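Student: Below is the structure I would like to discuss, written out as structure tokens.
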Amino acid sequence: MSAHHRSLPPHPDLQRYYPPGEKRQFVRQIFDAAASDYERVEKLMSLGTGSWYRRRALRRHGLPFGNRALDVAVGTGLVARELVRLAQGKVFLVGLDPSVGMLLQARERGPLSGVAACGENMPFPDCTFDCLTMGYALRHLPDLLLAFREFHRVLRPGGKLLILEITPPRRGLGKAMLKAYIRSLTATAAFLVTRHRSTAELWRYFWDTMEACVPPERVLAALEEAGFLQVSRFLELGIFSEYTAVKPL
């Protein structure tokens, strides 16, 4: 296999949840099932600080940048709303997500140009957007290299990329505490609050993808391989990774 076609899954198939090769379908279905509860549980898990942190991260890296923004894996619009707020409405923003259920929730919460599609195969011309964001969805991509090349394609020269992700400590008490918080406490609270098993399963799945995800060095190397420059990672509070990159002029 040539280097150009080399693939980089963010983690091995998690056969507890889906058979090999069926990740894309599983992810779309579980997000569709949990869409109506997602923001309620996210606020619970983040203790209400999620919007503050997203806004802070966007500001830190100079986003929104330019007039046209794309939020990949927009979900219910958590990152997209902060982008629009920071731009005071002076940005044309498109939200892309494979889950129609999540897109419908996003549209209910604010005006959004939503597109149902996958991040690794986007229906946009080359060099369409000035900036591209993705919040906590890197683990849900089937192939990081394929997606990053697609991100590179749709950004204009000089365009900026920001990917937010949770990176657990690799070992020790910090990892054990975060696992207990997300996989046990949040998943249990999600079920008690919503009474939907799919919502509790989603948060258990989140942790399992975090634990199995490739290390940050591999993510940075994949961004460089996709053609990005100024590739870097900022770490907040020891667990929040902010990957940034720029498409060369």
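Chain identifiers are assigned as A, B, and so on, following the order in which chains appear in the structure tokens; residues are numbered from 1 within each chain, and ligands are numbered from 1 in order of appearance.
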May I have the residues within 7 Å of Thr244 of chain A as an NGL selection string, using only C-alpha atoms and disregarding those fewer than 6 positions away in the same chain?
Tutor: :A and (161-163 or 231-233)
Student: Write out as a CSV table (one decimal) with C-alpha atoms, in the first residue's frame the residues lying within 7 Å of segment 8-12 of chain A, counting only C-alpha atoms and excluding same-chain residues fewer than 5 positions away.
Tutor:
```csv
chain,number,residue,atom,x,y,z
A,139,ARG,CA,-12.2,9.5,17.9
A,141,LEU,CA,-13.6,9.4,12.4
A,142,PRO,CA,-12.9,6.1,10.6
A,143,ASP,CA,-9.6,7.3,9.2
A,144,LEU,CA,-7.6,10.3,10.5
A,145,LEU,CA,-5.4,10.7,7.4
A,209,THR,CA,-12.7,5.5,22.4
A,212,ALA,CA,-8.0,3.3,22.9
A,213,CYS,CA,-7.2,6.5,20.8
A,214,VAL,CA,-3.8,6.9,19.2
```
Student: Find the nearest atom pair between each residue of segment 74-152 of chain A and segment 166-171 of chain A for residues within 10 Å, count only C-alpha atoms, give distances in Å to one decimal, sort rows by chain and ascending number, and present the table as a tab-separated table.
Tutor:
```
residue	atom	partner	partner_atom	distance
A:Gly135	CA	A:Ile166	CA	9.5
A:Tyr136	CA	A:Ile166	CA	6.7
A:Ala137	CA	A:Ile166	CA	9.6
A:Leu138	CA	A:Ile166	CA	9.5
A:Arg139	CA	A:Ile166	CA	9.6
```
Student: Could the residues in this selection be saved with C-alpha atoms as an mmCIF file, in the first residue's frame?
Tutor:
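Output file again31.cif is given in full below:
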```cif
data_model
loop_
_atom_site.group_PDB
_atom_site.id
_atom_site.type_symbol
_atom_site.label_atom_id
_atom_site.label_comp_id
_atom_site.auth_asym_id
_atom_site.auth_seq_id
_atom_site.Cartn_x
_atom_site.Cartn_y
_atom_site.Cartn_z
ATOM 1 C CA GLY A 135 -15.025 19.394 18.838
ATOM 2 C CA TYR A 136 -14.490 16.023 20.550
ATOM 3 C CA ALA A 137 -15.121 13.941 17.432
ATOM 4 C CA LEU A 138 -11.638 12.970 16.286
ATOM 5 C CA ARG A 139 -12.189 9.526 17.857
#
```
Student: Report as a ChimeraX atom specification: the residues of segment 35-226 of chain A with a DSSP assignment of helix (DSSP H, G or I), based on the backbone of this structure.
Tutor: /A:35-45,50-60,78-86,100-108,138-140,144-154,172-194,197-212,216-225
Student: Atoms to include: C-alpha atoms. Write the selected residues as an mmCIF file, in the first residue's frame.
Tutor:
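The resulting part-v8.cif:
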```
data_model
loop_
_atom_site.group_PDB
_atom_site.id
_atom_site.type_symbol
_atom_site.label_atom_id
_atom_site.label_comp_id
_atom_site.auth_asym_id
_atom_site.auth_seq_id
_atom_site.Cartn_x
_atom_site.Cartn_y
_atom_site.Cartn_z
ATOM 1 C CA ALA A 35 -29.429 13.349 20.171
ATOM 2 C CA SER A 36 -32.386 14.670 22.190
ATOM 3 C CA ASP A 37 -30.565 14.063 25.496
ATOM 4 C CA TYR A 38 -27.048 14.998 24.451
ATOM 5 C CA GLU A 39 -26.819 18.611 25.632
ATOM 6 C CA ARG A 40 -28.479 17.856 28.960
ATOM 7 C CA VAL A 41 -25.933 15.161 29.762
ATOM 8 C CA GLU A 42 -23.008 17.206 28.386
ATOM 9 C CA LYS A 43 -23.905 20.062 30.757
ATOM 10 C CA LEU A 44 -24.072 17.569 33.608
ATOM 11 C CA MET A 45 -20.682 16.062 32.756
ATOM 12 C CA GLY A 50 -18.451 23.445 28.513
ATOM 13 C CA SER A 51 -19.493 26.605 26.673
ATOM 14 C CA TRP A 52 -17.020 28.717 28.667
ATOM 15 C CA TYR A 53 -14.155 26.367 27.801
ATOM 16 C CA ARG A 54 -15.057 26.148 24.096
ATOM 17 C CA ARG A 55 -15.230 29.940 23.848
ATOM 18 C CA ARG A 56 -11.872 30.252 25.638
ATOM 19 C CA ALA A 57 -10.223 27.713 23.315
ATOM 20 C CA LEU A 58 -11.569 29.404 20.177
ATOM 21 C CA ARG A 59 -10.351 32.808 21.385
ATOM 22 C CA ARG A 60 -6.942 31.431 22.313
ATOM 23 C CA LEU A 78 -21.983 23.396 20.978
ATOM 24 C CA VAL A 79 -18.856 24.683 19.194
ATOM 25 C CA ALA A 80 -20.794 26.313 16.349
ATOM 26 C CA ARG A 81 -22.823 28.554 18.693
ATOM 27 C CA GLU A 82 -19.644 29.805 20.381
ATOM 28 C CA LEU A 83 -18.091 30.560 16.983
ATOM 29 C CA VAL A 84 -21.121 32.603 15.947
ATOM 30 C CA ARG A 85 -21.194 34.375 19.317
ATOM 31 C CA LEU A 86 -17.529 35.339 19.078
ATOM 32 C CA VAL A 100 -29.447 13.739 11.107
ATOM 33 C CA GLY A 101 -30.748 13.534 14.681
ATOM 34 C CA MET A 102 -27.909 15.740 15.918
ATOM 35 C CA LEU A 103 -28.357 18.210 13.042
ATOM 36 C CA LEU A 104 -32.063 18.559 13.869
ATOM 37 C CA GLN A 105 -31.182 19.330 17.492
ATOM 38 C CA ALA A 106 -28.612 21.914 16.347
ATOM 39 C CA ARG A 107 -31.176 23.652 14.140
ATOM 40 C CA GLU A 108 -33.647 23.828 17.032
ATOM 41 C CA LEU A 138 -11.638 12.970 16.286
ATOM 42 C CA ARG A 139 -12.189 9.526 17.857
ATOM 43 C CA HIS A 140 -15.327 8.977 15.789
ATOM 44 C CA LEU A 144 -7.597 10.302 10.501
ATOM 45 C CA LEU A 145 -5.392 10.671 7.420
ATOM 46 C CA LEU A 146 -8.338 10.551 5.035
ATOM 47 C CA ALA A 147 -10.253 13.111 7.090
ATOM 48 C CA PHE A 148 -7.270 15.438 7.572
ATOM 49 C CA ARG A 149 -6.586 15.440 3.815
ATOM 50 C CA GLU A 150 -10.224 16.346 3.266
ATOM 51 C CA PHE A 151 -9.977 19.142 5.866
ATOM 52 C CA HIS A 152 -6.899 20.411 4.011
ATOM 53 C CA ARG A 153 -8.765 20.302 0.681
ATOM 54 C CA VAL A 154 -11.755 22.401 1.769
ATOM 55 C CA GLY A 172 -2.052 6.234 37.171
ATOM 56 C CA LEU A 173 -4.614 7.829 39.442
ATOM 57 C CA GLY A 174 -5.549 10.610 37.012
ATOM 58 C CA LYS A 175 -6.594 8.087 34.373
ATOM 59 C CA ALA A 176 -8.494 5.958 36.898
ATOM 60 C CA MET A 177 -10.383 9.000 38.218
ATOM 61 C CA LEU A 178 -11.310 10.254 34.738
ATOM 62 C CA LYS A 179 -12.459 6.762 33.733
ATOM 63 C CA ALA A 180 -14.650 6.484 36.831
ATOM 64 C CA TYR A 181 -16.096 9.942 36.147
ATOM 65 C CA ILE A 182 -16.940 9.443 32.460
ATOM 66 C CA ARG A 183 -17.540 5.709 32.089
ATOM 67 C CA SER A 184 -19.311 5.071 35.399
ATOM 68 C CA LEU A 185 -20.603 8.260 37.005
ATOM 69 C CA THR A 186 -21.620 10.172 33.874
ATOM 70 C CA ALA A 187 -23.036 7.085 32.139
ATOM 71 C CA THR A 188 -25.094 6.183 35.235
ATOM 72 C CA ALA A 189 -26.285 9.772 35.694
ATOM 73 C CA ALA A 190 -27.189 9.904 31.988
ATOM 74 C CA PHE A 191 -29.448 6.886 32.398
ATOM 75 C CA LEU A 192 -31.037 8.181 35.626
ATOM 76 C CA VAL A 193 -31.734 11.591 34.063
ATOM 77 C CA THR A 194 -32.935 10.410 30.643
ATOM 78 C CA ARG A 197 -30.032 3.168 27.655
ATOM 79 C CA SER A 198 -28.551 4.454 24.371
ATOM 80 C CA THR A 199 -27.547 7.706 26.081
ATOM 81 C CA ALA A 200 -25.751 5.851 28.890
ATOM 82 C CA GLU A 201 -24.093 3.583 26.311
ATOM 83 C CA LEU A 202 -22.861 6.622 24.375
ATOM 84 C CA TRP A 203 -20.902 7.904 27.375
ATOM 85 C CA ARG A 204 -19.385 4.481 28.053
ATOM 86 C CA TYR A 205 -18.429 4.345 24.380
ATOM 87 C CA PHE A 206 -16.879 7.817 24.670
ATOM 88 C CA TRP A 207 -14.524 6.630 27.388
ATOM 89 C CA ASP A 208 -13.610 3.432 25.554
ATOM 90 C CA THR A 209 -12.676 5.459 22.443
ATOM 91 C CA MET A 210 -10.642 7.908 24.555
ATOM 92 C CA GLU A 211 -8.746 5.061 26.199
ATOM 93 C CA ALA A 212 -8.027 3.317 22.879
ATOM 94 C CA PRO A 216 -1.256 12.914 20.402
ATOM 95 C CA GLU A 217 2.074 12.454 18.582
ATOM 96 C CA ARG A 218 0.298 10.318 15.965
ATOM 97 C CA VAL A 219 -2.417 12.937 15.509
ATOM 98 C CA LEU A 220 0.197 15.680 14.997
ATOM 99 C CA ALA A 221 2.151 13.513 12.535
ATOM 100 C CA ALA A 222 -1.051 12.775 10.582
ATOM 101 C CA LEU A 223 -1.848 16.502 10.295
ATOM 102 C CA GLU A 224 1.645 17.119 8.918
ATOM 103 C CA GLU A 225 1.315 14.183 6.521
#
```
Student: So which bits of segment 13-129 of chain A end up strand (DSSP E or B) when you DSSP the backbone, as a ChimeraX atom specification?
Tutor: /A:68-72,92-97,113-116,118,121,129
Student: With C-alpha atoms kept, could you save the residues just selected as an mmCIF file, in the first residue's frame?
Tutor:
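This went into out.cif:
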```
data_model
loop_
_atom_site.group_PDB
_atom_site.id
_atom_site.type_symbol
_atom_site.label_atom_id
_atom_site.label_comp_id
_atom_site.auth_asym_id
_atom_site.auth_seq_id
_atom_site.Cartn_x
_atom_site.Cartn_y
_atom_site.Cartn_z
ATOM 1 C CA ARG A 68 -16.564 31.345 6.171
ATOM 2 C CA ALA A 69 -16.322 28.687 8.883
ATOM 3 C CA LEU A 70 -16.974 24.946 8.886
ATOM 4 C CA ASP A 71 -17.674 22.980 12.054
ATOM 5 C CA VAL A 72 -17.167 19.263 11.376
ATOM 6 C CA PHE A 92 -21.125 32.305 7.501
ATOM 7 C CA LEU A 93 -20.986 28.991 9.334
ATOM 8 C CA VAL A 94 -21.756 25.525 8.012
ATOM 9 C CA GLY A 95 -22.229 22.603 10.403
ATOM 10 C CA LEU A 96 -21.534 19.125 9.072
ATOM 11 C CA ASP A 97 -22.538 15.882 10.783
ATOM 12 C CA SER A 113 -26.684 25.740 7.688
ATOM 13 C CA GLY A 114 -26.517 22.015 8.385
ATOM 14 C CA VAL A 115 -25.163 19.395 5.999
ATOM 15 C CA ALA A 116 -25.580 15.653 6.581
ATOM 16 C CA CYS A 118 -19.036 12.598 6.854
ATOM 17 C CA ASN A 121 -15.996 12.907 2.268
ATOM 18 C CA PHE A 129 -13.569 27.811 4.117
#
```
Student: Tell me, in Å to one decimal, how far atom CA of Lys247 of chain A is from atom CA of Asp126 of chain A.
Tutor: 12.2 Å
Student: With only C-alpha atoms as the atoms that count, which of A:Val246, A:Ser241, A:Ala87, A:Pro98 lies nearest to Asp130 of chain A?
Tutor: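 For Asp130 of chain A, the nearest of the candidates is A:Val246.
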Student: Hey, can you check how far atom CA of Tyr243 of chain A sits from atom CA of Thr49 of chain A?
Tutor: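 For atom CA of Tyr243 of chain A relative to atom CA of Thr49 of chain A, the distance reads 20.1 Å.
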Student: Which one of A:Ser99, A:Gln29, A:Gln230, A:Gln15 sits closest to Lys160 of chain A if you count only C-alpha atoms?
Tutor: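 Of A:Ser99, A:Gln29, A:Gln230, A:Gln15, the one nearest Lys160 of chain A is A:Gln230, counting only C-alpha atoms.
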